[in-house]
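Enquirer: So here's structure-v2.cif, just mmCIF, N, CA and C atoms:
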```cif
data_coords
loop_
_atom_site.label_atom_id
_atom_site.label_comp_id
_atom_site.auth_asym_id
_atom_site.auth_seq_id
_atom_site.Cartn_x
_atom_site.Cartn_y
_atom_site.Cartn_z
N MET A 154 30.40 3.67 17.89
CA MET A 154 29.58 2.62 17.32
C MET A 154 28.18 2.72 17.95
N SER A 155 27.16 2.70 17.12
CA SER A 155 25.80 2.85 17.63
C SER A 155 25.24 1.52 18.13
N VAL A 156 24.13 1.61 18.82
CA VAL A 156 23.47 0.41 19.34
C VAL A 156 22.98 -0.48 18.20
N VAL A 157 22.49 0.15 17.12
CA VAL A 157 22.00 -0.62 15.98
C VAL A 157 23.13 -1.43 15.35
N GLN A 158 24.30 -0.83 15.18
CA GLN A 158 25.44 -1.55 14.62
C GLN A 158 25.85 -2.71 15.51
N LEU A 159 25.84 -2.50 16.80
CA LEU A 159 26.17 -3.58 17.72
C LEU A 159 25.17 -4.73 17.61
N THR A 160 23.90 -4.39 17.50
CA THR A 160 22.85 -5.40 17.39
C THR A 160 23.04 -6.23 16.12
N PHE A 161 23.29 -5.56 14.99
CA PHE A 161 23.47 -6.29 13.74
C PHE A 161 24.71 -7.18 13.79
N ARG A 162 25.75 -6.76 14.42
CA ARG A 162 26.96 -7.58 14.48
C ARG A 162 26.77 -8.79 15.37
N ARG A 163 26.01 -8.68 16.42
CA ARG A 163 25.80 -9.81 17.33
C ARG A 163 24.85 -10.85 16.76
N LEU A 164 23.93 -10.43 15.91
CA LEU A 164 22.89 -11.33 15.42
C LEU A 164 23.18 -11.87 14.02
N GLN A 165 24.41 -12.26 13.75
CA GLN A 165 24.73 -12.85 12.46
C GLN A 165 24.17 -14.27 12.42
N LEU A 166 23.10 -14.43 11.67
CA LEU A 166 22.42 -15.73 11.60
C LEU A 166 22.92 -16.50 10.38
N PRO A 167 22.89 -17.82 10.44
CA PRO A 167 23.25 -18.61 9.26
C PRO A 167 22.28 -18.32 8.12
N THR A 168 22.73 -18.47 6.89
CA THR A 168 21.91 -18.10 5.73
C THR A 168 20.64 -18.95 5.60
N PHE A 169 20.62 -20.17 6.12
CA PHE A 169 19.43 -21.00 5.98
C PHE A 169 18.26 -20.48 6.83
N VAL A 170 18.53 -19.58 7.76
CA VAL A 170 17.46 -19.05 8.63
C VAL A 170 16.51 -18.17 7.83
N TYR A 171 17.01 -17.45 6.84
CA TYR A 171 16.17 -16.51 6.11
C TYR A 171 15.07 -17.20 5.30
N PRO A 172 15.38 -18.19 4.46
CA PRO A 172 14.28 -18.85 3.74
C PRO A 172 13.32 -19.57 4.68
N ILE A 173 13.84 -20.08 5.78
CA ILE A 173 12.96 -20.72 6.75
C ILE A 173 11.99 -19.71 7.35
N SER A 174 12.48 -18.50 7.63
CA SER A 174 11.60 -17.47 8.20
C SER A 174 10.50 -17.09 7.21
N TYR A 175 10.84 -16.95 5.92
CA TYR A 175 9.81 -16.64 4.92
C TYR A 175 8.79 -17.77 4.83
N THR A 176 9.27 -19.01 4.85
CA THR A 176 8.38 -20.17 4.77
C THR A 176 7.44 -20.21 5.97
N LEU A 177 7.97 -19.95 7.15
CA LEU A 177 7.13 -19.95 8.35
C LEU A 177 6.08 -18.84 8.30
N ILE A 178 6.46 -17.67 7.81
CA ILE A 178 5.50 -16.57 7.70
C ILE A 178 4.36 -16.95 6.76
N ASP A 179 4.71 -17.51 5.59
CA ASP A 179 3.68 -17.89 4.63
C ASP A 179 2.82 -19.04 5.15
N THR A 180 3.43 -19.98 5.85
CA THR A 180 2.66 -21.08 6.44
C THR A 180 1.69 -20.56 7.48
N PHE A 181 2.17 -19.66 8.34
CA PHE A 181 1.29 -19.06 9.35
C PHE A 181 0.14 -18.32 8.69
N LEU A 182 0.42 -17.63 7.58
CA LEU A 182 -0.64 -16.89 6.88
C LEU A 182 -1.72 -17.84 6.38
N VAL A 183 -1.32 -18.97 5.79
CA VAL A 183 -2.29 -19.94 5.28
C VAL A 183 -3.12 -20.51 6.43
N VAL A 184 -2.47 -20.87 7.53
CA VAL A 184 -3.19 -21.41 8.69
C VAL A 184 -4.15 -20.35 9.24
N PHE A 185 -3.70 -19.11 9.33
CA PHE A 185 -4.53 -18.01 9.82
C PHE A 185 -5.76 -17.82 8.93
N ILE A 186 -5.56 -17.85 7.62
CA ILE A 186 -6.67 -17.66 6.69
C ILE A 186 -7.69 -18.80 6.83
N LYS A 187 -7.20 -20.04 6.87
CA LYS A 187 -8.12 -21.18 6.99
C LYS A 187 -8.85 -21.16 8.33
N ALA A 188 -8.17 -20.76 9.39
CA ALA A 188 -8.78 -20.76 10.72
C ALA A 188 -9.84 -19.66 10.87
N THR A 189 -9.70 -18.58 10.12
CA THR A 189 -10.62 -17.45 10.27
C THR A 189 -11.63 -17.33 9.14
N SER A 190 -11.62 -18.26 8.20
CA SER A 190 -12.56 -18.21 7.08
C SER A 190 -13.80 -19.03 7.39
N SER A 191 -14.92 -18.48 6.97
CA SER A 191 -16.18 -19.18 7.10
C SER A 191 -16.92 -19.08 5.78
N HIS A 192 -17.07 -20.19 5.10
CA HIS A 192 -17.75 -20.24 3.79
C HIS A 192 -17.08 -19.30 2.79
N GLY A 193 -15.75 -19.25 2.81
CA GLY A 193 -15.01 -18.45 1.85
C GLY A 193 -14.94 -16.97 2.17
N LYS A 194 -15.44 -16.56 3.32
CA LYS A 194 -15.42 -15.14 3.68
C LYS A 194 -14.64 -14.96 4.97
N THR A 195 -13.98 -13.82 5.07
CA THR A 195 -13.24 -13.49 6.28
C THR A 195 -13.87 -12.27 6.94
N SER A 196 -13.64 -12.13 8.24
CA SER A 196 -14.23 -11.01 8.96
C SER A 196 -13.25 -9.86 9.11
N TYR A 197 -12.22 -9.83 8.29
CA TYR A 197 -11.20 -8.78 8.35
C TYR A 197 -10.84 -8.38 6.93
N ASN A 198 -10.10 -7.31 6.81
CA ASN A 198 -9.68 -6.80 5.52
C ASN A 198 -8.45 -7.58 5.05
N THR A 199 -8.58 -8.33 3.98
CA THR A 199 -7.47 -9.16 3.50
C THR A 199 -6.30 -8.32 3.02
N ILE A 200 -6.56 -7.14 2.50
CA ILE A 200 -5.47 -6.27 2.04
C ILE A 200 -4.59 -5.87 3.21
N THR A 201 -5.20 -5.60 4.36
CA THR A 201 -4.42 -5.23 5.55
C THR A 201 -3.54 -6.38 6.00
N VAL A 202 -4.07 -7.58 6.02
CA VAL A 202 -3.29 -8.75 6.43
C VAL A 202 -2.12 -8.95 5.48
N ASN A 203 -2.36 -8.83 4.17
CA ASN A 203 -1.28 -8.97 3.20
C ASN A 203 -0.24 -7.87 3.37
N ALA A 204 -0.67 -6.65 3.65
CA ALA A 204 0.27 -5.55 3.85
C ALA A 204 1.15 -5.80 5.08
N ILE A 205 0.56 -6.29 6.15
CA ILE A 205 1.34 -6.59 7.37
C ILE A 205 2.35 -7.70 7.08
N THR A 206 1.92 -8.73 6.38
CA THR A 206 2.83 -9.84 6.04
C THR A 206 3.99 -9.35 5.19
N GLU A 207 3.69 -8.54 4.18
CA GLU A 207 4.74 -8.03 3.30
C GLU A 207 5.67 -7.07 4.05
N PHE A 208 5.16 -6.33 5.01
CA PHE A 208 6.01 -5.46 5.82
C PHE A 208 7.00 -6.29 6.64
N ILE A 209 6.52 -7.38 7.20
CA ILE A 209 7.41 -8.27 7.96
C ILE A 209 8.50 -8.83 7.04
N LYS A 210 8.10 -9.25 5.83
CA LYS A 210 9.08 -9.76 4.87
C LYS A 210 10.08 -8.66 4.47
N LEU A 211 9.60 -7.43 4.33
CA LEU A 211 10.49 -6.31 4.00
C LEU A 211 11.52 -6.10 5.10
N CYS A 212 11.08 -6.17 6.34
CA CYS A 212 12.02 -6.01 7.47
C CYS A 212 13.08 -7.10 7.44
N ILE A 213 12.68 -8.33 7.15
CA ILE A 213 13.64 -9.43 7.06
C ILE A 213 14.60 -9.19 5.90
N ALA A 214 14.09 -8.73 4.76
CA ALA A 214 14.94 -8.48 3.59
C ALA A 214 15.93 -7.35 3.86
N ILE A 215 15.49 -6.31 4.54
CA ILE A 215 16.41 -5.21 4.88
C ILE A 215 17.48 -5.71 5.83
N TYR A 216 17.08 -6.54 6.78
CA TYR A 216 18.06 -7.12 7.70
C TYR A 216 19.09 -7.96 6.95
N ILE A 217 18.63 -8.76 6.00
CA ILE A 217 19.54 -9.58 5.19
C ILE A 217 20.47 -8.68 4.38
N ALA A 218 19.89 -7.66 3.72
CA ALA A 218 20.71 -6.75 2.91
C ALA A 218 21.75 -6.03 3.76
N HIS A 219 21.36 -5.65 4.94
CA HIS A 219 22.32 -4.98 5.84
C HIS A 219 23.43 -5.95 6.24
N GLY A 220 23.07 -7.18 6.56
CA GLY A 220 24.06 -8.17 6.95
C GLY A 220 25.03 -8.51 5.82
N GLU A 221 24.54 -8.47 4.57
CA GLU A 221 25.38 -8.77 3.42
C GLU A 221 26.13 -7.54 2.92
N GLY A 222 25.77 -6.37 3.45
CA GLY A 222 26.40 -5.13 2.99
C GLY A 222 25.90 -4.68 1.63
N SER A 223 24.67 -5.03 1.27
CA SER A 223 24.14 -4.66 -0.06
C SER A 223 22.99 -3.66 0.00
N LEU A 224 22.96 -2.85 1.04
CA LEU A 224 21.90 -1.82 1.13
C LEU A 224 22.04 -0.78 0.02
N HIS A 225 23.24 -0.58 -0.51
CA HIS A 225 23.42 0.39 -1.59
C HIS A 225 22.60 0.02 -2.82
N THR A 226 22.35 -1.27 -3.04
CA THR A 226 21.52 -1.71 -4.16
C THR A 226 20.08 -1.24 -3.96
N LEU A 227 19.58 -1.37 -2.74
CA LEU A 227 18.22 -0.89 -2.46
C LEU A 227 18.12 0.61 -2.63
N ARG A 228 19.14 1.32 -2.20
CA ARG A 228 19.14 2.79 -2.35
C ARG A 228 19.12 3.20 -3.82
N SER A 229 19.83 2.46 -4.67
CA SER A 229 19.86 2.81 -6.10
C SER A 229 18.49 2.61 -6.74
N ILE A 230 17.73 1.63 -6.27
CA ILE A 230 16.38 1.41 -6.80
C ILE A 230 15.46 2.58 -6.44
N VAL A 231 15.57 3.05 -5.22
CA VAL A 231 14.70 4.13 -4.74
C VAL A 231 15.03 5.45 -5.43
N THR A 232 16.30 5.69 -5.73
CA THR A 232 16.69 6.98 -6.30
C THR A 232 16.56 7.05 -7.81
N ASP A 233 16.42 5.93 -8.51
CA ASP A 233 16.30 5.92 -9.97
C ASP A 233 14.85 5.64 -10.36
N PRO A 234 14.13 6.66 -10.89
CA PRO A 234 12.70 6.48 -11.22
C PRO A 234 12.45 5.38 -12.26
N GLY A 235 13.31 5.27 -13.27
CA GLY A 235 13.13 4.24 -14.29
C GLY A 235 13.25 2.85 -13.71
N LEU A 236 14.23 2.67 -12.85
CA LEU A 236 14.44 1.38 -12.20
C LEU A 236 13.29 1.08 -11.25
N MET A 237 12.79 2.12 -10.58
CA MET A 237 11.68 1.93 -9.66
C MET A 237 10.43 1.46 -10.41
N ILE A 238 10.18 2.02 -11.58
CA ILE A 238 9.02 1.60 -12.38
C ILE A 238 9.17 0.15 -12.82
N ARG A 239 10.39 -0.24 -13.22
CA ARG A 239 10.62 -1.63 -13.62
C ARG A 239 10.41 -2.60 -12.47
N PHE A 240 10.65 -2.16 -11.26
CA PHE A 240 10.38 -3.01 -10.10
C PHE A 240 8.92 -2.90 -9.66
N ALA A 241 8.26 -1.78 -9.93
CA ALA A 241 6.89 -1.56 -9.46
C ALA A 241 5.89 -2.44 -10.21
N ILE A 242 6.11 -2.66 -11.50
CA ILE A 242 5.15 -3.44 -12.30
C ILE A 242 5.05 -4.88 -11.80
N PRO A 243 6.16 -5.61 -11.64
CA PRO A 243 6.01 -6.97 -11.09
C PRO A 243 5.48 -6.97 -9.66
N ASN A 244 5.83 -5.94 -8.89
CA ASN A 244 5.34 -5.89 -7.51
C ASN A 244 3.84 -5.64 -7.46
N LEU A 245 3.32 -4.86 -8.38
CA LEU A 245 1.88 -4.66 -8.46
C LEU A 245 1.18 -5.98 -8.80
N LEU A 246 1.73 -6.72 -9.75
CA LEU A 246 1.18 -8.03 -10.08
C LEU A 246 1.27 -8.98 -8.89
N TYR A 247 2.35 -8.89 -8.14
CA TYR A 247 2.52 -9.71 -6.94
C TYR A 247 1.46 -9.37 -5.90
N ALA A 248 1.15 -8.09 -5.74
CA ALA A 248 0.12 -7.67 -4.78
C ALA A 248 -1.25 -8.21 -5.18
N VAL A 249 -1.57 -8.13 -6.47
CA VAL A 249 -2.84 -8.68 -6.95
C VAL A 249 -2.88 -10.18 -6.71
N ASN A 250 -1.76 -10.86 -7.02
CA ASN A 250 -1.67 -12.30 -6.81
C ASN A 250 -1.88 -12.66 -5.35
N ASN A 251 -1.29 -11.89 -4.43
CA ASN A 251 -1.44 -12.16 -3.01
C ASN A 251 -2.90 -12.07 -2.57
N ASN A 252 -3.62 -11.08 -3.08
CA ASN A 252 -5.02 -10.93 -2.69
C ASN A 252 -5.90 -12.03 -3.28
N VAL A 253 -5.63 -12.44 -4.51
CA VAL A 253 -6.36 -13.55 -5.10
C VAL A 253 -6.03 -14.84 -4.35
N PHE A 254 -4.75 -15.01 -4.00
CA PHE A 254 -4.29 -16.16 -3.23
C PHE A 254 -5.02 -16.22 -1.89
N HIS A 255 -5.11 -15.09 -1.22
CA HIS A 255 -5.76 -14.99 0.09
C HIS A 255 -7.23 -15.40 -0.02
N TYR A 256 -7.90 -14.89 -1.03
CA TYR A 256 -9.32 -15.22 -1.22
C TYR A 256 -9.48 -16.70 -1.54
N SER A 257 -8.64 -17.24 -2.43
CA SER A 257 -8.81 -18.63 -2.86
C SER A 257 -8.50 -19.62 -1.74
N ILE A 258 -7.57 -19.29 -0.84
CA ILE A 258 -7.30 -20.18 0.29
C ILE A 258 -8.55 -20.32 1.15
N GLY A 259 -9.24 -19.20 1.38
CA GLY A 259 -10.44 -19.23 2.20
C GLY A 259 -11.63 -19.87 1.52
N ALA A 260 -11.69 -19.78 0.19
CA ALA A 260 -12.87 -20.24 -0.53
C ALA A 260 -12.79 -21.70 -0.99
N LEU A 261 -11.59 -22.22 -1.19
CA LEU A 261 -11.45 -23.57 -1.75
C LEU A 261 -10.98 -24.57 -0.71
N PRO A 262 -11.41 -25.82 -0.85
CA PRO A 262 -10.84 -26.88 0.00
C PRO A 262 -9.35 -27.04 -0.32
N PRO A 263 -8.55 -27.50 0.63
CA PRO A 263 -7.09 -27.58 0.42
C PRO A 263 -6.66 -28.34 -0.85
N ALA A 264 -7.25 -29.49 -1.13
CA ALA A 264 -6.84 -30.28 -2.30
C ALA A 264 -7.14 -29.53 -3.60
N VAL A 265 -8.31 -28.93 -3.69
CA VAL A 265 -8.69 -28.16 -4.88
C VAL A 265 -7.79 -26.94 -5.02
N PHE A 266 -7.45 -26.31 -3.91
CA PHE A 266 -6.58 -25.14 -3.94
C PHE A 266 -5.22 -25.50 -4.52
N VAL A 267 -4.62 -26.60 -4.07
CA VAL A 267 -3.29 -27.00 -4.54
C VAL A 267 -3.31 -27.28 -6.03
N VAL A 268 -4.32 -28.02 -6.50
CA VAL A 268 -4.43 -28.32 -7.92
C VAL A 268 -4.64 -27.03 -8.72
N ALA A 269 -5.53 -26.17 -8.25
CA ALA A 269 -5.84 -24.93 -8.97
C ALA A 269 -4.63 -24.00 -9.03
N ILE A 270 -3.92 -23.83 -7.92
CA ILE A 270 -2.80 -22.90 -7.91
C ILE A 270 -1.66 -23.42 -8.78
N ASN A 271 -1.43 -24.72 -8.80
CA ASN A 271 -0.38 -25.27 -9.66
C ASN A 271 -0.75 -25.15 -11.13
N ALA A 272 -2.02 -25.38 -11.46
CA ALA A 272 -2.47 -25.21 -12.85
C ALA A 272 -2.36 -23.74 -13.27
N PHE A 273 -2.74 -22.84 -12.38
CA PHE A 273 -2.66 -21.41 -12.66
C PHE A 273 -1.22 -20.98 -12.90
N ARG A 274 -0.31 -21.46 -12.06
CA ARG A 274 1.11 -21.11 -12.22
C ARG A 274 1.66 -21.62 -13.55
N THR A 275 1.25 -22.82 -13.94
CA THR A 275 1.71 -23.40 -15.20
C THR A 275 1.23 -22.57 -16.38
N VAL A 276 -0.03 -22.19 -16.37
CA VAL A 276 -0.60 -21.39 -17.46
C VAL A 276 0.07 -20.02 -17.53
N ILE A 277 0.22 -19.35 -16.40
CA ILE A 277 0.84 -18.03 -16.40
C ILE A 277 2.29 -18.10 -16.84
N THR A 278 3.02 -19.12 -16.41
CA THR A 278 4.41 -19.28 -16.83
C THR A 278 4.48 -19.50 -18.34
N ALA A 279 3.58 -20.30 -18.89
CA ALA A 279 3.56 -20.55 -20.33
C ALA A 279 3.24 -19.28 -21.10
N ILE A 280 2.33 -18.48 -20.59
CA ILE A 280 1.95 -17.24 -21.28
C ILE A 280 3.08 -16.22 -21.25
N LEU A 281 3.77 -16.11 -20.11
CA LEU A 281 4.80 -15.10 -19.96
C LEU A 281 6.13 -15.48 -20.62
N GLN A 282 6.28 -16.71 -21.07
CA GLN A 282 7.54 -17.08 -21.73
C GLN A 282 7.45 -16.88 -23.17
#
```
Could you rewrite the structure in this file as structure tokens?

Expert:
Amino acid sequence: MSVVQLTFRRLQLPTFVYPISYTLIDTFLVVFIKATSSHGKTSYNTITVNAITEFIKLCIAIYIAHGEGSLHTLRSIVTDPGLMIRFAIPNLLYAVNNNVFHYSIGALPPAVFVVAINAFRTVITAILQ
């Protein structure tokens, strides 16, 4: 038995920990953006920050998949080009959304941001249905 297998077996966390971890990561990101923004501009590359955040989420997702024994599903996505393309399109839209989200958090006051993002989600949901 390898060290990695031992580590995964010892760290069986309750299922409520995973959504809480995602929520905390996103909350920290919003606080970080607001704390480092000046007049809607940041002194760092927003794409890099989003990439780091998504990498952390990927690590958590792989950990969850390993704990549930569903890593074979992830492997099937990587090995099937058609399936990969079907997953790539929404993920590309998600990446664009994250960068727009990052910019708008820094540029808008909190109340305006909440109203704008909810209105935007409603319109996009209506269009895509």

Enquirer: Return as a list in words the full set of residues in range 173-275 of chain A whose backbone-based DSSP assignment is strand (DSSP E).

Expert: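 For range 173-275 of chain A, the strand (DSSP E) set is Ser190, Ser191, Lys194 and Thr195 of chain A.
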
Enquirer: Around range 250-257 of chain A, fit a box with edges along x, y and z, padding it by 5 Å on each side, then list its centre and edge lengths in Å to one decimal as lines of an AutoDock Vina configuration file.

Expert:
```
center_x = -5.4
center_y = -15.2
center_z = -3.5
size_x = 18.2
size_y = 18.8
size_z = 17.1
```

Enquirer: Starting from the PyMOL selection byres ((chain A and resi 241-258) around 7), expand the selection into actual residues of this file and give them as an mmCIF file with N, CA and C atoms, in the frame of the given file.

Expert:
```cif
data_model
loop_
_atom_site.group_PDB
_atom_site.id
_atom_site.type_symbol
_atom_site.label_atom_id
_atom_site.label_comp_id
_atom_site.auth_asym_id
_atom_site.auth_seq_id
_atom_site.Cartn_x
_atom_site.Cartn_y
_atom_site.Cartn_z
ATOM 1 N N ILE A 186 -5.560 -17.850 7.620
ATOM 2 C CA ILE A 186 -6.670 -17.660 6.690
ATOM 3 C C ILE A 186 -7.690 -18.800 6.830
ATOM 4 N N LYS A 187 -7.200 -20.040 6.870
ATOM 5 C CA LYS A 187 -8.120 -21.180 6.990
ATOM 6 C C LYS A 187 -8.850 -21.160 8.330
ATOM 7 N N GLY A 193 -15.750 -19.250 2.810
ATOM 8 C CA GLY A 193 -15.010 -18.450 1.850
ATOM 9 C C GLY A 193 -14.940 -16.970 2.170
ATOM 10 N N THR A 199 -8.580 -8.330 3.980
ATOM 11 C CA THR A 199 -7.470 -9.160 3.500
ATOM 12 C C THR A 199 -6.300 -8.320 3.020
ATOM 13 N N ILE A 200 -6.560 -7.140 2.500
ATOM 14 C CA ILE A 200 -5.470 -6.270 2.040
ATOM 15 C C ILE A 200 -4.590 -5.870 3.210
ATOM 16 N N ASN A 203 -2.360 -8.830 4.170
ATOM 17 C CA ASN A 203 -1.280 -8.970 3.200
ATOM 18 C C ASN A 203 -0.240 -7.870 3.370
ATOM 19 N N LEU A 236 14.230 2.670 -12.850
ATOM 20 C CA LEU A 236 14.440 1.380 -12.200
ATOM 21 C C LEU A 236 13.290 1.080 -11.250
ATOM 22 N N MET A 237 12.790 2.120 -10.580
ATOM 23 C CA MET A 237 11.680 1.930 -9.660
ATOM 24 C C MET A 237 10.430 1.460 -10.410
ATOM 25 N N ILE A 238 10.180 2.020 -11.580
ATOM 26 C CA ILE A 238 9.020 1.600 -12.380
ATOM 27 C C ILE A 238 9.170 0.150 -12.820
ATOM 28 N N ARG A 239 10.390 -0.240 -13.220
ATOM 29 C CA ARG A 239 10.620 -1.630 -13.620
ATOM 30 C C ARG A 239 10.410 -2.600 -12.470
ATOM 31 N N PHE A 240 10.650 -2.160 -11.260
ATOM 32 C CA PHE A 240 10.380 -3.010 -10.100
ATOM 33 C C PHE A 240 8.920 -2.900 -9.660
ATOM 34 N N GLY A 259 -9.240 -19.200 1.380
ATOM 35 C CA GLY A 259 -10.440 -19.230 2.200
ATOM 36 C C GLY A 259 -11.630 -19.870 1.520
ATOM 37 N N ALA A 260 -11.690 -19.780 0.190
ATOM 38 C CA ALA A 260 -12.870 -20.240 -0.530
ATOM 39 C C ALA A 260 -12.790 -21.700 -0.990
ATOM 40 N N LEU A 261 -11.590 -22.220 -1.190
ATOM 41 C CA LEU A 261 -11.450 -23.570 -1.750
ATOM 42 C C LEU A 261 -10.980 -24.570 -0.710
ATOM 43 N N PRO A 262 -11.410 -25.820 -0.850
ATOM 44 C CA PRO A 262 -10.840 -26.880 0.000
ATOM 45 C C PRO A 262 -9.350 -27.040 -0.320
ATOM 46 N N PHE A 266 -7.450 -26.310 -3.910
ATOM 47 C CA PHE A 266 -6.580 -25.140 -3.940
ATOM 48 C C PHE A 266 -5.220 -25.500 -4.520
#
```

Enquirer: Assign secondary structure with DSSP using the backbone only, and return the residues of chain A in helix (DSSP H, G or I) as a count of residues only.

Expert: 106

Enquirer: Quick check, in Å to one decimal: how far apart do CA of Lys210 in chain A and CA of Phe185 in chain A lie?

Expert: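 That distance, rounded to one decimal, is 16.7 Å.
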
Enquirer: Work out how far apart atom C of Leu211 in chain A and CA of Thr189 in chain A are and give it in Å to one decimal.

Expert: 25.4 Å

Enquirer: Using Å and a single decimal, report how far CA of Leu177 in chain A sits from CA of Ala218 in chain A.

Expert: 19.7 Å
